[in-house]
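Trainee: File follows, final12.pdb with PDB, C-alpha atoms and all ligand atoms:
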```
ATOM      1  CA  MET A   1     103.819  92.948  98.184  1.00  0.00           C
ATOM      2  CA  ALA A   2     105.249  96.014  99.884  1.00  0.00           C
ATOM      3  CA  ALA A   3     103.014  98.143 102.089  1.00  0.00           C
ATOM      4  CA  ALA A   4     101.060 100.678 100.092  1.00  0.00           C
ATOM      5  CA  LEU A   5     102.458 104.169 100.256  1.00  0.00           C
ATOM      6  CA  THR A   6     100.181 106.950 101.469  1.00  0.00           C
ATOM      7  CA  ILE A   7      98.690 109.078  98.724  1.00  0.00           C
ATOM      8  CA  VAL A   8      99.196 112.818  99.056  1.00  0.00           C
ATOM      9  CA  LYS A   9      95.922 114.686  98.629  1.00  0.00           C
ATOM     10  CA  TYR A  10      94.971 118.103  97.338  1.00  0.00           C
ATOM     11  CA  PRO A  11      95.840 120.863  98.313  1.00  0.00           C
ATOM     12  CA  GLN A  12      99.338 119.726  99.396  1.00  0.00           C
ATOM     13  CA  SER A  13     101.919 121.954  97.709  1.00  0.00           C
ATOM     14  CA  ILE A  14     104.037 119.068  96.358  1.00  0.00           C
ATOM     15  CA  LEU A  15     101.135 118.316  93.988  1.00  0.00           C
ATOM     16  CA  GLN A  16     101.203 121.845  92.656  1.00  0.00           C
ATOM     17  CA  LYS A  17     104.837 122.308  91.721  1.00  0.00           C
ATOM     18  CA  LYS A  18     107.088 120.999  88.967  1.00  0.00           C
ATOM     19  CA  ALA A  19     108.831 117.736  89.835  1.00  0.00           C
ATOM     20  CA  GLU A  20     112.597 117.380  89.416  1.00  0.00           C
ATOM     21  CA  LYS A  21     114.091 115.476  86.514  1.00  0.00           C
ATOM     22  CA  VAL A  22     115.712 112.144  87.344  1.00  0.00           C
ATOM     23  CA  ALA A  23     119.405 112.789  86.678  1.00  0.00           C
ATOM     24  CA  GLU A  24     120.607 109.331  87.647  1.00  0.00           C
ATOM     25  CA  ILE A  25     118.756 106.078  88.157  1.00  0.00           C
ATOM     26  CA  THR A  26     119.898 105.288  91.659  1.00  0.00           C
ATOM     27  CA  ALA A  27     119.253 102.126  93.684  1.00  0.00           C
ATOM     28  CA  GLU A  28     116.686 104.162  95.604  1.00  0.00           C
ATOM     29  CA  ILE A  29     114.716 104.885  92.433  1.00  0.00           C
ATOM     30  CA  LYS A  30     114.924 101.235  91.360  1.00  0.00           C
ATOM     31  CA  GLU A  31     113.416 100.275  94.702  1.00  0.00           C
ATOM     32  CA  LEU A  32     110.786 102.938  94.503  1.00  0.00           C
ATOM     33  CA  ILE A  33     109.283 101.762  91.200  1.00  0.00           C
ATOM     34  CA  PRO A  34     107.865  98.412  92.426  1.00  0.00           C
ATOM     35  CA  GLN A  35     106.571 100.223  95.508  1.00  0.00           C
ATOM     36  CA  MET A  36     104.773 102.723  93.308  1.00  0.00           C
ATOM     37  CA  ILE A  37     103.306  99.896  91.205  1.00  0.00           C
ATOM     38  CA  ASP A  38     102.051  98.060  94.302  1.00  0.00           C
ATOM     39  CA  SER A  39     100.614 101.283  95.686  1.00  0.00           C
ATOM     40  CA  MET A  40      98.808 102.059  92.446  1.00  0.00           C
ATOM     41  CA  TYR A  41      97.051  98.678  92.543  1.00  0.00           C
ATOM     42  CA  GLU A  42      96.445  98.889  96.274  1.00  0.00           C
ATOM     43  CA  HIS A  43      94.624 102.195  95.792  1.00  0.00           C
ATOM     44  CA  ALA A  44      92.846 100.857  92.675  1.00  0.00           C
ATOM     45  CA  GLY A  45      94.450 103.487  90.444  1.00  0.00           C
ATOM     46  CA  ILE A  46      95.391 103.184  86.783  1.00  0.00           C
ATOM     47  CA  GLY A  47      98.239 105.651  87.032  1.00  0.00           C
ATOM     48  CA  LEU A  48     100.433 107.182  89.697  1.00  0.00           C
ATOM     49  CA  ALA A  49     102.949 110.024  89.709  1.00  0.00           C
ATOM     50  CA  ALA A  50     105.798 110.301  92.243  1.00  0.00           C
ATOM     51  CA  PRO A  51     104.567 113.636  93.718  1.00  0.00           C
ATOM     52  CA  GLN A  52     101.443 111.715  94.806  1.00  0.00           C
ATOM     53  CA  ILE A  53     103.629 109.683  97.164  1.00  0.00           C
ATOM     54  CA  ASN A  54     105.441 112.796  98.311  1.00  0.00           C
ATOM     55  CA  ILE A  55     108.461 112.484  96.029  1.00  0.00           C
ATOM     56  CA  SER A  56     109.007 115.441  93.737  1.00  0.00           C
ATOM     57  CA  LYS A  57     110.662 113.513  90.903  1.00  0.00           C
ATOM     58  CA  GLN A  58     109.630 112.923  87.315  1.00  0.00           C
ATOM     59  CA  ILE A  59     108.500 109.311  87.627  1.00  0.00           C
ATOM     60  CA  ILE A  60     105.113 107.951  86.600  1.00  0.00           C
ATOM     61  CA  ILE A  61     103.501 104.523  86.557  1.00  0.00           C
ATOM     62  CA  VAL A  62     100.796 103.808  84.001  1.00  0.00           C
ATOM     63  CA  GLU A  63      98.602 100.730  83.734  1.00  0.00           C
ATOM     64  CA  THR A  64      98.627  99.750  80.079  1.00  0.00           C
ATOM     65  CA  SER A  65      96.337  96.732  79.958  1.00  0.00           C
ATOM     66  CA  HIS A  66      92.717  97.295  79.036  1.00  0.00           C
ATOM     67  CA  ARG A  67      91.286  95.229  81.849  1.00  0.00           C
ATOM     68  CA  PRO A  68      93.775  95.439  84.716  1.00  0.00           C
ATOM     69  CA  ARG A  69      91.437  93.686  87.127  1.00  0.00           C
ATOM     70  CA  GLU A  70      90.830  90.696  84.858  1.00  0.00           C
ATOM     71  CA  ASN A  71      94.337  90.368  83.530  1.00  0.00           C
ATOM     72  CA  LYS A  72      97.423  90.615  85.620  1.00  0.00           C
ATOM     73  CA  GLY A  73      98.038  94.189  84.623  1.00  0.00           C
ATOM     74  CA  LYS A  74     100.870  95.603  82.579  1.00  0.00           C
ATOM     75  CA  PRO A  75     102.332  98.497  84.500  1.00  0.00           C
ATOM     76  CA  LEU A  76     104.850 100.713  82.766  1.00  0.00           C
ATOM     77  CA  ALA A  77     107.311 102.949  84.628  1.00  0.00           C
ATOM     78  CA  LEU A  78     108.433 106.112  82.839  1.00  0.00           C
ATOM     79  CA  LEU A  79     111.128 108.508  83.961  1.00  0.00           C
ATOM     80  CA  ASN A  80     111.334 112.098  82.701  1.00  0.00           C
ATOM     81  CA  PRO A  81     108.398 111.705  80.299  1.00  0.00           C
ATOM     82  CA  THR A  82     107.958 114.584  77.868  1.00  0.00           C
ATOM     83  CA  ILE A  83     105.189 114.941  75.337  1.00  0.00           C
ATOM     84  CA  VAL A  84     106.767 115.825  72.003  1.00  0.00           C
ATOM     85  CA  GLU A  85     103.702 115.728  69.799  1.00  0.00           C
ATOM     86  CA  TYR A  86      99.922 116.013  70.070  1.00  0.00           C
ATOM     87  CA  ARG A  87      97.755 114.417  67.386  1.00  0.00           C
ATOM     88  CA  GLY A  88      94.116 114.036  66.524  1.00  0.00           C
ATOM     89  CA  GLN A  89      91.137 115.942  67.774  1.00  0.00           C
ATOM     90  CA  LYS A  90      90.395 117.015  71.298  1.00  0.00           C
ATOM     91  CA  ILE A  91      88.238 114.675  73.347  1.00  0.00           C
ATOM     92  CA  THR A  92      86.389 115.381  76.577  1.00  0.00           C
ATOM     93  CA  GLU A  93      86.074 112.588  79.158  1.00  0.00           C
ATOM     94  CA  GLU A  94      85.545 112.293  82.858  1.00  0.00           C
ATOM     95  CA  GLU A  95      88.658 111.874  84.981  1.00  0.00           C
ATOM     96  CA  GLY A  96      89.221 111.049  88.606  1.00  0.00           C
ATOM     97  CA  CYS A  97      92.443 111.277  90.609  1.00  0.00           C
ATOM     98  CA  LEU A  98      93.683 109.501  93.753  1.00  0.00           C
ATOM     99  CA  SER A  99      94.773 112.896  95.089  1.00  0.00           C
ATOM    100  CA  LEU A 100      91.263 114.319  94.609  1.00  0.00           C
ATOM    101  CA  PRO A 101      89.013 111.650  96.135  1.00  0.00           C
ATOM    102  CA  GLY A 102      85.394 111.941  95.078  1.00  0.00           C
ATOM    103  CA  ILE A 103      86.111 114.571  92.421  1.00  0.00           C
ATOM    104  CA  PHE A 104      85.270 113.621  88.841  1.00  0.00           C
ATOM    105  CA  VAL A 105      85.547 116.291  86.187  1.00  0.00           C
ATOM    106  CA  GLN A 106      85.274 116.483  82.420  1.00  0.00           C
ATOM    107  CA  VAL A 107      88.727 117.141  80.987  1.00  0.00           C
ATOM    108  CA  THR A 108      89.439 117.986  77.342  1.00  0.00           C
ATOM    109  CA  ARG A 109      92.666 116.580  75.943  1.00  0.00           C
ATOM    110  CA  PRO A 110      94.175 115.679  72.559  1.00  0.00           C
ATOM    111  CA  GLU A 111      93.272 112.176  71.415  1.00  0.00           C
ATOM    112  CA  SER A 112      96.828 111.009  70.680  1.00  0.00           C
ATOM    113  CA  ILE A 113     100.309 111.841  71.855  1.00  0.00           C
ATOM    114  CA  VAL A 114     103.913 110.943  71.235  1.00  0.00           C
ATOM    115  CA  LEU A 115     106.208 111.063  74.238  1.00  0.00           C
ATOM    116  CA  THR A 116     109.824 110.378  75.008  1.00  0.00           C
ATOM    117  CA  CYS A 117     111.105 109.084  78.335  1.00  0.00           C
ATOM    118  CA  LEU A 118     113.605 106.795  79.998  1.00  0.00           C
ATOM    119  CA  ASP A 119     112.686 103.312  81.144  1.00  0.00           C
ATOM    120  CA  PRO A 120     113.910 102.100  84.573  1.00  0.00           C
ATOM    121  CA  GLN A 121     117.083 100.741  82.910  1.00  0.00           C
ATOM    122  CA  GLY A 122     117.890 104.170  81.507  1.00  0.00           C
ATOM    123  CA  LYS A 123     116.976 103.343  77.933  1.00  0.00           C
ATOM    124  CA  THR A 124     115.333 106.124  75.914  1.00  0.00           C
ATOM    125  CA  LEU A 125     111.869 105.207  74.704  1.00  0.00           C
ATOM    126  CA  ARG A 126     109.519 106.888  72.291  1.00  0.00           C
ATOM    127  CA  ILE A 127     105.902 105.963  72.924  1.00  0.00           C
ATOM    128  CA  GLN A 128     102.867 106.690  70.808  1.00  0.00           C
ATOM    129  CA  ALA A 129      99.499 106.395  72.521  1.00  0.00           C
ATOM    130  CA  SER A 130      95.869 107.119  71.692  1.00  0.00           C
ATOM    131  CA  GLY A 131      92.524 107.089  73.393  1.00  0.00           C
ATOM    132  CA  PHE A 132      92.292 106.096  77.021  1.00  0.00           C
ATOM    133  CA  LEU A 133      96.000 105.339  77.370  1.00  0.00           C
ATOM    134  CA  ALA A 134      96.968 108.728  75.922  1.00  0.00           C
ATOM    135  CA  ARG A 135      94.651 110.286  78.484  1.00  0.00           C
ATOM    136  CA  ILE A 136      96.309 108.492  81.407  1.00  0.00           C
ATOM    137  CA  PHE A 137      99.768 109.516  80.196  1.00  0.00           C
ATOM    138  CA  GLN A 138      98.658 113.148  79.923  1.00  0.00           C
ATOM    139  CA  HIS A 139      97.020 113.072  83.356  1.00  0.00           C
ATOM    140  CA  GLU A 140     100.160 111.635  85.004  1.00  0.00           C
ATOM    141  CA  ILE A 141     102.525 113.979  83.147  1.00  0.00           C
ATOM    142  CA  ASP A 142     100.313 116.858  84.319  1.00  0.00           C
ATOM    143  CA  HIS A 143     101.074 115.740  87.890  1.00  0.00           C
ATOM    144  CA  LEU A 144     104.807 116.199  87.169  1.00  0.00           C
ATOM    145  CA  ASN A 145     104.075 119.760  86.101  1.00  0.00           C
ATOM    146  CA  GLY A 146     102.046 120.527  89.213  1.00  0.00           C
ATOM    147  CA  LYS A 147      98.735 120.352  87.377  1.00  0.00           C
ATOM    148  CA  LEU A 148      95.630 118.575  88.593  1.00  0.00           C
ATOM    149  CA  THR A 149      92.341 117.847  86.814  1.00  0.00           C
ATOM    150  CA  ILE A 150      90.725 120.802  88.594  1.00  0.00           C
ATOM    151  CA  HIS A 151      93.292 123.098  86.955  1.00  0.00           C
ATOM    152  CA  ARG A 152      92.158 121.871  83.536  1.00  0.00           C
ATOM    153  CA  ILE A 153      88.564 123.024  83.927  1.00  0.00           C
ATOM    154  CA  ASN A 154      86.795 126.322  83.685  1.00  0.00           C
ATOM    155  CA  PRO A 155      87.415 128.468  86.838  1.00  0.00           C
ATOM    156  CA  ILE A 156      83.665 128.911  87.275  1.00  0.00           C
ATOM    157  CA  LYS A 157      83.200 125.144  87.413  1.00  0.00           C
ATOM    158  CA  ARG A 158      86.077 124.931  89.864  1.00  0.00           C
ATOM    159  CA  PHE A 159      84.482 127.618  91.998  1.00  0.00           C
ATOM    160  CA  ARG A 160      81.280 125.592  92.101  1.00  0.00           C
ATOM    161  CA  MET A 161      83.280 122.654  93.472  1.00  0.00           C
ATOM    162  CA  ARG A 162      84.717 124.637  96.375  1.00  0.00           C
ATOM    163  CA  GLY A 163      82.592 122.794  98.933  1.00  0.00           C
ATOM    164  CA  GLN A 164      83.851 119.388  97.763  1.00  0.00           C
ATOM    165  CA  LEU A 165      87.438 120.648  97.614  1.00  0.00           C
ATOM    166  CA  LYS A 166      87.217 121.992 101.143  1.00  0.00           C
ATOM    167  CA  LYS A 167      86.076 118.590 102.315  1.00  0.00           C
ATOM    168  CA  ILE A 168      89.236 116.959 100.881  1.00  0.00           C
ATOM    169  CA  LYS A 169      91.331 119.657 102.516  1.00  0.00           C
ATOM    170  CA  LYS A 170      89.785 118.847 105.860  1.00  0.00           C
ATOM    171  CA  ASN A 171      90.555 115.144 105.462  1.00  0.00           C
ATOM    172  CA  SER A 172      94.024 115.406 103.930  1.00  0.00           C
TER     173      SER A 172
HETATM  174 NI    NI A 201      95.894 112.004  89.341  1.00  0.00          NI
END
```
As structure tokens, what does this structure read like?
Ligand code: NI
Mentor:
Amino acid sequence: MAAALTIVKYPQSILQKKAEKVAEITAEIKELIPQMIDSMYEHAGIGLAAPQINISKQIIIVETSHRPRENKGKPLALLNPTIVEYRGQKITEEEGCLSLPGIFVQVTRPESIVLTCLDPQGKTLRIQASGFLARIFQHEIDHLNGKLTIHRINPIKRFRMRGQLKKIKKNS
């Protein structure tokens, strides 16, 4: 297993800007994907976006098994993921983020999505997801658009968290 990459924390600017599209799947990107997967497990995450390891590119890793700790885990790497359709009702659930340690907020998101992306071999995929998995995809795709969970909540709630956010800032 490769050494875990350091996770970039809020309020680093790379987390708050749009990541670049992957124009070509280079050898560098092919090497990066297993490193991102290892790092996600190392940090006990269920998803990871490239800006979180200081690379502003549209690459995400998502854990797709229901019990990653019991099973071996089924990580999926997606390049240039774009949500093309939202379905179902909106659901509110608590979300955490490796870039916002200790911060758990209620985020409202559509229940189901359809997305298109490239796989690491450059093949176009169309993925339909619901429930928890749809939530992880949306959270990670948000990272590629410079959006964090704290940007998805009411500004008053965010203001109330300023003490906690300052603490992360001090440690990041
Ligand atoms: Ni996150």
Trainee: Write as a list in words the residues around ligand NI 201 (chain A), taking 7 Å as the cut-off and counting only C-alpha atoms and all ligand atoms.
Mentor: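 Listing the residues within 7 Å of ligand NI 201 (chain A) gives Leu48, Gly96, Cys97, Leu98, Ser99, His139, Glu140, His143 and Leu148 of chain A.
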Trainee: Might you spell out which residues the PyMOL selection byres (((chain A and resi 43) around 10) and not hetatm) would select in the displayed file, as number ranges by chain?
Mentor: A: 4-7, 38-42, 44-46, 48, 98
Trainee: Run the PyMOL selection byres (((chain A and resi 76) around 7) and not hetatm) on the file and write out the hits as an MDAnalysis selection string.
Mentor: chainID A and resid 61:64 74:75 77:78
Trainee: Exactly which residues make up the result of the PyMOL selection byres (((chain A and resi 111) around 10) and not hetatm) on this file, given as an mmCIF file with C-alpha atoms, in the frame of the given file?
Mentor:
```
data_model
loop_
_atom_site.group_PDB
_atom_site.id
_atom_site.type_symbol
_atom_site.label_atom_id
_atom_site.label_comp_id
_atom_site.auth_asym_id
_atom_site.auth_seq_id
_atom_site.Cartn_x
_atom_site.Cartn_y
_atom_site.Cartn_z
ATOM 1 C CA TYR A 86 99.922 116.013 70.070
ATOM 2 C CA ARG A 87 97.755 114.417 67.386
ATOM 3 C CA GLY A 88 94.116 114.036 66.524
ATOM 4 C CA GLN A 89 91.137 115.942 67.774
ATOM 5 C CA LYS A 90 90.395 117.015 71.298
ATOM 6 C CA ILE A 91 88.238 114.675 73.347
ATOM 7 C CA THR A 92 86.389 115.381 76.577
ATOM 8 C CA THR A 108 89.439 117.986 77.342
ATOM 9 C CA ARG A 109 92.666 116.580 75.943
ATOM 10 C CA PRO A 110 94.175 115.679 72.559
ATOM 11 C CA SER A 112 96.828 111.009 70.680
ATOM 12 C CA ILE A 113 100.309 111.841 71.855
ATOM 13 C CA ALA A 129 99.499 106.395 72.521
ATOM 14 C CA SER A 130 95.869 107.119 71.692
ATOM 15 C CA GLY A 131 92.524 107.089 73.393
ATOM 16 C CA PHE A 132 92.292 106.096 77.021
ATOM 17 C CA LEU A 133 96.000 105.339 77.370
ATOM 18 C CA ALA A 134 96.968 108.728 75.922
ATOM 19 C CA ARG A 135 94.651 110.286 78.484
#
```
Trainee: For region 96-163 of chain A against region 8-30 of chain A, with a cut-off of 12 Å and counting only C-alpha atoms, what is the closest atom pair and its distance in Å to one decimal for every residue that makes the cut, ordered by chain and number, as a Markdown table?
Mentor:
```
| residue | atom | partner | partner_atom | distance |
| --- | --- | --- | --- | --- |
| A:Cys97 | CA | A:Lys9 | CA | 9.4 |
| A:Leu98 | CA | A:Lys9 | CA | 7.5 |
| A:Ser99 | CA | A:Lys9 | CA | 4.1 |
| A:Leu100 | CA | A:Tyr10 | CA | 6.0 |
| A:Pro101 | CA | A:Lys9 | CA | 7.9 |
| A:Gly102 | CA | A:Lys9 | CA | 11.4 |
| A:Ile103 | CA | A:Tyr10 | CA | 10.7 |
| A:Cys117 | CA | A:Val22 | CA | 10.6 |
| A:Leu118 | CA | A:Val22 | CA | 9.3 |
| A:Asp119 | CA | A:Ile25 | CA | 9.7 |
| A:Pro120 | CA | A:Lys30 | CA | 6.9 |
| A:Gln121 | CA | A:Ile25 | CA | 7.7 |
| A:Gly122 | CA | A:Ile25 | CA | 7.0 |
| A:Lys123 | CA | A:Ile25 | CA | 10.7 |
| A:Glu140 | CA | A:Leu15 | CA | 11.2 |
| A:Ile141 | CA | A:Ala19 | CA | 9.9 |
| A:Asp142 | CA | A:Lys18 | CA | 9.2 |
| A:His143 | CA | A:Leu15 | CA | 6.6 |
| A:Leu144 | CA | A:Ala19 | CA | 5.1 |
| A:Asn145 | CA | A:Lys18 | CA | 4.3 |
| A:Gly146 | CA | A:Gln16 | CA | 3.8 |
| A:Lys147 | CA | A:Gln16 | CA | 6.0 |
| A:Leu148 | CA | A:Gln16 | CA | 7.6 |
| A:Thr149 | CA | A:Tyr10 | CA | 10.9 |
| A:Ile150 | CA | A:Tyr10 | CA | 10.1 |
| A:His151 | CA | A:Gln16 | CA | 9.8 |
| A:Arg162 | CA | A:Pro11 | CA | 11.9 |
```
Trainee: Write a file of the just-selected residues containing C-alpha atoms, as an mmCIF file, in the coordinates of the input.
Mentor:
```cif
data_model
loop_
_atom_site.group_PDB
_atom_site.id
_atom_site.type_symbol
_atom_site.label_atom_id
_atom_site.label_comp_id
_atom_site.auth_asym_id
_atom_site.auth_seq_id
_atom_site.Cartn_x
_atom_site.Cartn_y
_atom_site.Cartn_z
ATOM 1 C CA CYS A 97 92.443 111.277 90.609
ATOM 2 C CA LEU A 98 93.683 109.501 93.753
ATOM 3 C CA SER A 99 94.773 112.896 95.089
ATOM 4 C CA LEU A 100 91.263 114.319 94.609
ATOM 5 C CA PRO A 101 89.013 111.650 96.135
ATOM 6 C CA GLY A 102 85.394 111.941 95.078
ATOM 7 C CA ILE A 103 86.111 114.571 92.421
ATOM 8 C CA CYS A 117 111.105 109.084 78.335
ATOM 9 C CA LEU A 118 113.605 106.795 79.998
ATOM 10 C CA ASP A 119 112.686 103.312 81.144
ATOM 11 C CA PRO A 120 113.910 102.100 84.573
ATOM 12 C CA GLN A 121 117.083 100.741 82.910
ATOM 13 C CA GLY A 122 117.890 104.170 81.507
ATOM 14 C CA LYS A 123 116.976 103.343 77.933
ATOM 15 C CA GLU A 140 100.160 111.635 85.004
ATOM 16 C CA ILE A 141 102.525 113.979 83.147
ATOM 17 C CA ASP A 142 100.313 116.858 84.319
ATOM 18 C CA HIS A 143 101.074 115.740 87.890
ATOM 19 C CA LEU A 144 104.807 116.199 87.169
ATOM 20 C CA ASN A 145 104.075 119.760 86.101
ATOM 21 C CA GLY A 146 102.046 120.527 89.213
ATOM 22 C CA LYS A 147 98.735 120.352 87.377
ATOM 23 C CA LEU A 148 95.630 118.575 88.593
ATOM 24 C CA THR A 149 92.341 117.847 86.814
ATOM 25 C CA ILE A 150 90.725 120.802 88.594
ATOM 26 C CA HIS A 151 93.292 123.098 86.955
ATOM 27 C CA ARG A 162 84.717 124.637 96.375
#
```
Trainee: Just how far from CA of Val105 (chain A) is CA of Ile153 (chain A), in Å to one decimal?
Mentor: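 Between CA of Ile153 (chain A) and CA of Val105 (chain A) the gap works out to 7.7 Å.
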Trainee: May I ask for the distance between CA of Val107 (chain A) and CA of Lys170 (chain A), given in Å to one decimal place?
Mentor: 25.0 Å
Trainee: For region 134-143 of chain A, supply all heavy atoms and format the output as an mmCIF file, keeping the file's coordinate frame.
Mentor:
```
data_model
loop_
_atom_site.group_PDB
_atom_site.id
_atom_site.type_symbol
_atom_site.label_atom_id
_atom_site.label_comp_id
_atom_site.auth_asym_id
_atom_site.auth_seq_id
_atom_site.Cartn_x
_atom_site.Cartn_y
_atom_site.Cartn_z
ATOM 1 N N ALA A 134 96.401 107.393 76.132
ATOM 2 C CA ALA A 134 96.968 108.728 75.922
ATOM 3 C C ALA A 134 96.472 109.680 77.015
ATOM 4 O O ALA A 134 97.191 110.566 77.484
ATOM 5 C CB ALA A 134 96.570 109.263 74.550
ATOM 6 N N ARG A 135 95.243 109.463 77.423
ATOM 7 C CA ARG A 135 94.651 110.286 78.484
ATOM 8 C C ARG A 135 95.361 110.039 79.817
ATOM 9 O O ARG A 135 95.684 110.978 80.546
ATOM 10 C CB ARG A 135 93.147 109.979 78.600
ATOM 11 C CG ARG A 135 92.420 110.798 79.643
ATOM 12 C CD ARG A 135 90.927 110.669 79.493
ATOM 13 N NE ARG A 135 90.467 111.324 78.277
ATOM 14 C CZ ARG A 135 90.137 112.618 78.204
ATOM 15 N NH1 ARG A 135 90.174 113.390 79.271
ATOM 16 N NH2 ARG A 135 89.757 113.146 77.064
ATOM 17 N N ILE A 136 95.622 108.784 80.137
ATOM 18 C CA ILE A 136 96.309 108.492 81.407
ATOM 19 C C ILE A 136 97.714 109.097 81.402
ATOM 20 O O ILE A 136 98.135 109.722 82.369
ATOM 21 C CB ILE A 136 96.405 106.968 81.697
ATOM 22 C CG1 ILE A 136 95.045 106.280 81.562
ATOM 23 C CG2 ILE A 136 96.951 106.735 83.118
ATOM 24 C CD1 ILE A 136 95.129 104.755 81.676
ATOM 25 N N PHE A 137 98.427 108.921 80.282
ATOM 26 C CA PHE A 137 99.768 109.516 80.196
ATOM 27 C C PHE A 137 99.693 111.025 80.432
ATOM 28 O O PHE A 137 100.483 111.584 81.188
ATOM 29 C CB PHE A 137 100.389 109.259 78.816
ATOM 30 C CG PHE A 137 100.988 107.889 78.639
ATOM 31 C CD1 PHE A 137 100.609 107.068 77.587
ATOM 32 C CD2 PHE A 137 101.971 107.430 79.523
ATOM 33 C CE1 PHE A 137 101.179 105.810 77.409
ATOM 34 C CE2 PHE A 137 102.544 106.174 79.352
ATOM 35 C CZ PHE A 137 102.141 105.359 78.291
ATOM 36 N N GLN A 138 98.752 111.691 79.791
ATOM 37 C CA GLN A 138 98.658 113.148 79.923
ATOM 38 C C GLN A 138 98.302 113.549 81.352
ATOM 39 O O GLN A 138 98.847 114.512 81.887
ATOM 40 C CB GLN A 138 97.616 113.701 78.937
ATOM 41 C CG GLN A 138 98.094 113.614 77.492
ATOM 42 C CD GLN A 138 97.039 114.102 76.513
ATOM 43 O OE1 GLN A 138 96.838 115.296 76.352
ATOM 44 N NE2 GLN A 138 96.351 113.173 75.867
ATOM 45 N N HIS A 139 97.412 112.790 81.972
ATOM 46 C CA HIS A 139 97.020 113.072 83.356
ATOM 47 C C HIS A 139 98.243 112.945 84.284
ATOM 48 O O HIS A 139 98.487 113.828 85.120
ATOM 49 C CB HIS A 139 95.906 112.087 83.769
ATOM 50 C CG HIS A 139 95.464 112.215 85.189
ATOM 51 N ND1 HIS A 139 94.180 112.612 85.530
ATOM 52 C CD2 HIS A 139 96.100 111.986 86.373
ATOM 53 C CE1 HIS A 139 94.077 112.628 86.853
ATOM 54 N NE2 HIS A 139 95.223 112.244 87.385
ATOM 55 N N GLU A 140 99.005 111.859 84.112
ATOM 56 C CA GLU A 140 100.160 111.635 85.004
ATOM 57 C C GLU A 140 101.271 112.644 84.737
ATOM 58 O O GLU A 140 101.929 113.106 85.668
ATOM 59 C CB GLU A 140 100.679 110.197 84.871
ATOM 60 C CG GLU A 140 99.669 109.106 85.219
ATOM 61 C CD GLU A 140 98.919 109.318 86.529
ATOM 62 O OE1 GLU A 140 99.506 109.882 87.482
ATOM 63 O OE2 GLU A 140 97.728 108.943 86.597
ATOM 64 N N ILE A 141 101.494 112.991 83.474
ATOM 65 C CA ILE A 141 102.525 113.979 83.147
ATOM 66 C C ILE A 141 102.107 115.349 83.688
ATOM 67 O O ILE A 141 102.948 116.113 84.168
ATOM 68 C CB ILE A 141 102.841 113.976 81.634
ATOM 69 C CG1 ILE A 141 103.528 112.648 81.272
ATOM 70 C CG2 ILE A 141 103.720 115.165 81.239
ATOM 71 C CD1 ILE A 141 103.658 112.354 79.788
ATOM 72 N N ASP A 142 100.824 115.631 83.682
ATOM 73 C CA ASP A 142 100.313 116.858 84.319
ATOM 74 C C ASP A 142 100.748 116.914 85.786
ATOM 75 O O ASP A 142 101.164 117.972 86.278
ATOM 76 C CB ASP A 142 98.779 116.892 84.274
ATOM 77 C CG ASP A 142 98.239 117.648 83.057
ATOM 78 O OD1 ASP A 142 99.046 118.126 82.245
ATOM 79 O OD2 ASP A 142 96.997 117.762 82.941
ATOM 80 N N HIS A 143 100.660 115.786 86.475
ATOM 81 C CA HIS A 143 101.074 115.740 87.890
ATOM 82 C C HIS A 143 102.531 116.204 88.042
ATOM 83 O O HIS A 143 102.872 116.872 89.015
ATOM 84 C CB HIS A 143 100.961 114.324 88.450
ATOM 85 C CG HIS A 143 99.605 113.978 88.988
ATOM 86 N ND1 HIS A 143 99.033 114.647 90.045
ATOM 87 C CD2 HIS A 143 98.724 113.015 88.635
ATOM 88 C CE1 HIS A 143 97.843 114.105 90.308
ATOM 89 N NE2 HIS A 143 97.627 113.122 89.467
#
```
